[in-house]
Amino acid sequence: MAKAKKRTYYSLDRILSRKATYNMIIGERSNGKTYACLKLGLTRYVEAGEQMALIRRWDTDYKGKNGQSMFDSLERNGVIQELTGGEWTGVYYWSGRWYLCRYDENGKRERDDVPFCYAFAVSTGEHDKSTSYPGIKTVVFDEFLTRTQYLPNEFVLYMNLLSTIIRDRADVKIFMLGNTVNKFCPYFGEMGLTHIWKMKQGDIDVYRYGESKLTVAVEYCKANKEGKPSDVYFAFDNPKLAMITGGEWEIDIYPHSPYKYRPKDVLFTYWIQFDRHLLQCEVIQYEDAYYTYIHRKTGDIKHPERDLVFSPEWSPLPNWRRNLLRPTDDIGKKIMLHYKQDKIFYQDNEIGEIVRNYMIWCGKEAR
């Protein structure tokens with residue numbers, strides 16, 4: 001019988017060699033990136049007493065069994081027992097802290113005196129400001145990418161949380177881990193990561209910021225050549241599933257222009273500027289059809305002082321609007337109606353994704 005081919009999981013070796021302050025790792029689900037970072041943090045605790053912080057967006061990610069199961073894979077694989085020379089065999093979670101533990105012959109649990117890892121949530125970071133964490137040297141922000149909804153002003157909340165953890169030190173290594181669920185994430189723009197959209201699987205880009213010592217390494221993980229045993233469940237002829245099986249960016253299928261229209265068919269043009277992308281939006285009347293077509297704009301807006309622009313950026317100009325879903329005049333109401341009636345068509349699927357993320361922002365700000 002042929003021996004089963006052992007699957008290769010993600011390794012931190014390449015990105016750690018860049019010696020960056022922030023290490024952003026993006027790739028397919030279940031490729032081992034979280035496992036590798038948790039193992040690194042645990043190893044640093046066992047070898048040097050350095051503690052770890054595990055960050056998620058919501059505090060509910062740690063409630064009940066969710067918190068207890070965070071280190072299950074390391075426990076199942078015997079990593080804890082191996083690293084500690086058999087002194088500890090498992091992990092115990094209590095009140096936002098993880099402790100190494102073991103069980104005696106009577107099944108009674110004994111745990112380490114101090115936690116090796118603390119739980120934090122971006123959504124509740126304000127509650128941690130009065131506490132000091134001088135032992136934390138490794139920070140892991142897991143699942144920072146989402147396809148649904150980010151918190152209002154989330155990047156600043158995340159920075160404030162890091163400030164609480166780091167205080168006045170410069171010896172903390174930060175990891176940000178994400179599945180390829182959203183190519184247009186606000187963190188990319190806020191951190192000045194301008195080339196993520198052009199990266200190929202296997203690339204590592206390093207960003208530097210003027211004269212400061214700050215560096216950010218971004219790795220777009222290679223797809224696993226052997227694949228995963230579970231890939232058989234997602235082998236449908238559906239491009240949306242390529243994120244699960246191959247680490248490609250998850251992108252929906254959006255409607256393209258139904259007609260080849262002419263310049264005279266364009267009734268009105270407005271712009272959407274979002275996350276460093278500029279989109280030209282044309283309201284079109286083609287025979288009896290009435291719809292909006294959105295495509296990329298190369299270059300700048302020709303008349304920024306009078307053309308209608310929608311953008312989350314603040315501007316005192318009267319022609320700028322922040323939220324398309326909160327119209328303040330008749331033209332804004334007519335534009336919004338096209339979105340509510342699904343009369344929007346796109347140059348390609350990536351343009352659809354940009355608009356989708358802008359509309360998520362609008363919906364969040366409208367509440």
# chains A, B, ... in the order shown; residues from 1 in each chain; ligands from 1

$ select_by_dssp --residues "segment 162-225 of chain A" --states "helix (DSSP H, G or I)" --output "PyMOL selection string"
chain A and resi 162-166+186-190+196-198

$ residues_around --residues "segment 100-114 of chain A" --least-positions-apart "6" --cutoff "10 Å" --atoms "only C-alpha atoms" --output "mmCIF file with C-alpha atoms, in the first residue's frame"
data_model
loop_
_atom_site.group_PDB
_atom_site.id
_atom_site.type_symbol
_atom_site.label_atom_id
_atom_site.label_comp_id
_atom_site.auth_asym_id
_atom_site.auth_seq_id
_atom_site.Cartn_x
_atom_site.Cartn_y
_atom_site.Cartn_z
ATOM 1 C CA LEU A 42 3.850 29.062 23.863
ATOM 2 C CA VAL A 46 8.260 27.876 28.177
ATOM 3 C CA GLY A 49 8.736 33.191 30.520
ATOM 4 C CA GLN A 51 3.645 35.847 27.776
ATOM 5 C CA ILE A 80 2.542 21.157 25.243
ATOM 6 C CA GLN A 81 3.888 17.980 26.772
ATOM 7 C CA THR A 84 7.499 21.371 28.850
ATOM 8 C CA GLY A 86 6.105 16.401 30.425
ATOM 9 C CA GLU A 87 5.624 18.886 33.259
ATOM 10 C CA TRP A 88 2.360 20.116 31.736
ATOM 11 C CA THR A 89 -0.056 18.268 29.450
ATOM 12 C CA GLY A 90 -2.912 20.650 28.745
ATOM 13 C CA VAL A 91 -4.371 24.150 28.843
ATOM 14 C CA TYR A 92 -6.959 25.594 31.216
ATOM 15 C CA TYR A 93 -8.928 28.738 30.349
#

$ atom_distance --atom1 "atom CA of Gly352 of chain A" --atom2 "atom CA of His338 of chain A"
14.5 Å

$ residues_around --residues "segment 120-122 of chain A" --least-positions-apart "4" --cutoff "8 Å" --atoms "only C-alpha atoms" --output "VMD selection string"
chain A and resid 53 to 59 96 154 157 to 158 161

$ atom_distance --atom1 "atom CA of Met159 of chain A" --atom2 "atom CA of Thr124 of chain A"
12.8 Å

$ closest_residue --among "A:Pro115, A:Arg167, A:Glu82, A:Phe144" --to "Thr131 of chain A" --atoms "only C-alpha atoms"
A:Arg167

$ atom_distance --atom1 "atom CA of Leu325 of chain A" --atom2 "atom CA of Trp271 of chain A"
14.4 Å

$ closest_residue --among "A:Asp61, A:Gln280, A:Ile360, A:Ser17" --to "Ala217 of chain A" --atoms "only C-alpha atoms"
A:Ser17

$ residues_around --residues "Val156 of chain A" --least-positions-apart "5" --cutoff "12 Å" --atoms "only C-alpha atoms" --output "MDAnalysis selection string"
chainID A and resid 122:123 125:126 150:151 161:163 186:187 190:191

$ residues_around --residues "Ile301 of chain A" --least-positions-apart "5" --cutoff "10 Å" --atoms "only C-alpha atoms" --output "NGL selection string"
:A and (270-271 or 273 or 278-280 or 306-309)

$ residues_around --residues "Thr21 of chain A" --least-positions-apart "3" --cutoff "9 Å" --atoms "only C-alpha atoms" --output "MDAnalysis selection string"
chainID A and resid 172:175 213:217

$ write_last_selection --atoms "all heavy atoms" --output "mmCIF file, in the first residue's frame"
data_model
loop_
_atom_site.group_PDB
_atom_site.id
_atom_site.type_symbol
_atom_site.label_atom_id
_atom_site.label_comp_id
_atom_site.auth_asym_id
_atom_site.auth_seq_id
_atom_site.Cartn_x
_atom_site.Cartn_y
_atom_site.Cartn_z
ATOM 1 N N VAL A 172 7.984 43.953 21.613
ATOM 2 C CA VAL A 172 6.797 43.139 21.356
ATOM 3 C C VAL A 172 6.706 42.818 19.863
ATOM 4 O O VAL A 172 6.833 43.716 19.013
ATOM 5 C CB VAL A 172 5.519 43.855 21.819
ATOM 6 C CG1 VAL A 172 4.284 43.016 21.513
ATOM 7 C CG2 VAL A 172 5.596 44.161 23.315
ATOM 8 N N LYS A 173 6.493 41.563 19.543
ATOM 9 C CA LYS A 173 6.323 41.110 18.153
ATOM 10 C C LYS A 173 4.835 40.908 17.890
ATOM 11 O O LYS A 173 4.150 40.216 18.649
ATOM 12 C CB LYS A 173 7.085 39.804 17.936
ATOM 13 C CG LYS A 173 7.032 39.271 16.510
ATOM 14 C CD LYS A 173 7.954 40.034 15.583
ATOM 15 C CE LYS A 173 9.400 39.715 15.833
ATOM 16 N NZ LYS A 173 10.297 40.337 14.828
ATOM 17 N N ILE A 174 4.328 41.512 16.804
ATOM 18 C CA ILE A 174 2.892 41.491 16.521
ATOM 19 C C ILE A 174 2.615 40.692 15.257
ATOM 20 O O ILE A 174 3.261 40.895 14.221
ATOM 21 C CB ILE A 174 2.358 42.928 16.362
ATOM 22 C CG1 ILE A 174 2.600 43.713 17.655
ATOM 23 C CG2 ILE A 174 0.869 42.918 16.026
ATOM 24 C CD1 ILE A 174 2.374 45.195 17.519
ATOM 25 N N PHE A 175 1.612 39.812 15.347
ATOM 26 C CA PHE A 175 1.162 39.018 14.208
ATOM 27 C C PHE A 175 -0.311 39.320 13.941
ATOM 28 O O PHE A 175 -1.115 39.369 14.868
ATOM 29 C CB PHE A 175 1.341 37.519 14.488
ATOM 30 C CG PHE A 175 2.774 37.096 14.670
ATOM 31 C CD1 PHE A 175 3.367 37.142 15.922
ATOM 32 C CD2 PHE A 175 3.523 36.667 13.589
ATOM 33 C CE1 PHE A 175 4.690 36.775 16.096
ATOM 34 C CE2 PHE A 175 4.857 36.296 13.755
ATOM 35 C CZ PHE A 175 5.439 36.352 15.010
ATOM 36 N N LYS A 213 11.654 53.327 12.837
ATOM 37 C CA LYS A 213 12.102 51.936 12.808
ATOM 38 C C LYS A 213 10.960 50.966 12.537
ATOM 39 O O LYS A 213 11.161 49.750 12.505
ATOM 40 C CB LYS A 213 12.779 51.582 14.133
ATOM 41 C CG LYS A 213 14.059 52.368 14.394
ATOM 42 C CD LYS A 213 14.683 51.968 15.722
ATOM 43 C CE LYS A 213 15.962 52.749 15.973
ATOM 44 N NZ LYS A 213 16.577 52.378 17.277
ATOM 45 N N LEU A 214 9.768 51.496 12.325
ATOM 46 C CA LEU A 214 8.598 50.653 12.088
ATOM 47 C C LEU A 214 8.704 49.930 10.745
ATOM 48 O O LEU A 214 9.008 50.544 9.715
ATOM 49 C CB LEU A 214 7.331 51.506 12.097
ATOM 50 C CG LEU A 214 6.032 50.814 11.690
ATOM 51 C CD1 LEU A 214 5.662 49.713 12.675
ATOM 52 C CD2 LEU A 214 4.899 51.830 11.574
ATOM 53 N N THR A 215 8.457 48.628 10.762
ATOM 54 C CA THR A 215 8.375 47.841 9.523
ATOM 55 C C THR A 215 7.180 46.899 9.618
ATOM 56 O O THR A 215 6.846 46.391 10.689
ATOM 57 C CB THR A 215 9.653 47.007 9.289
ATOM 58 O OG1 THR A 215 9.913 46.201 10.441
ATOM 59 C CG2 THR A 215 10.844 47.897 9.004
ATOM 60 N N VAL A 216 6.541 46.673 8.487
ATOM 61 C CA VAL A 216 5.422 45.733 8.388
ATOM 62 C C VAL A 216 5.727 44.741 7.274
ATOM 63 O O VAL A 216 5.944 45.142 6.127
ATOM 64 C CB VAL A 216 4.093 46.460 8.085
ATOM 65 C CG1 VAL A 216 2.957 45.447 7.912
ATOM 66 C CG2 VAL A 216 3.749 47.454 9.198
ATOM 67 N N ALA A 217 5.781 43.471 7.613
ATOM 68 C CA ALA A 217 5.967 42.416 6.613
ATOM 69 C C ALA A 217 4.610 41.786 6.315
ATOM 70 O O ALA A 217 3.873 41.424 7.241
ATOM 71 C CB ALA A 217 6.945 41.360 7.126
#
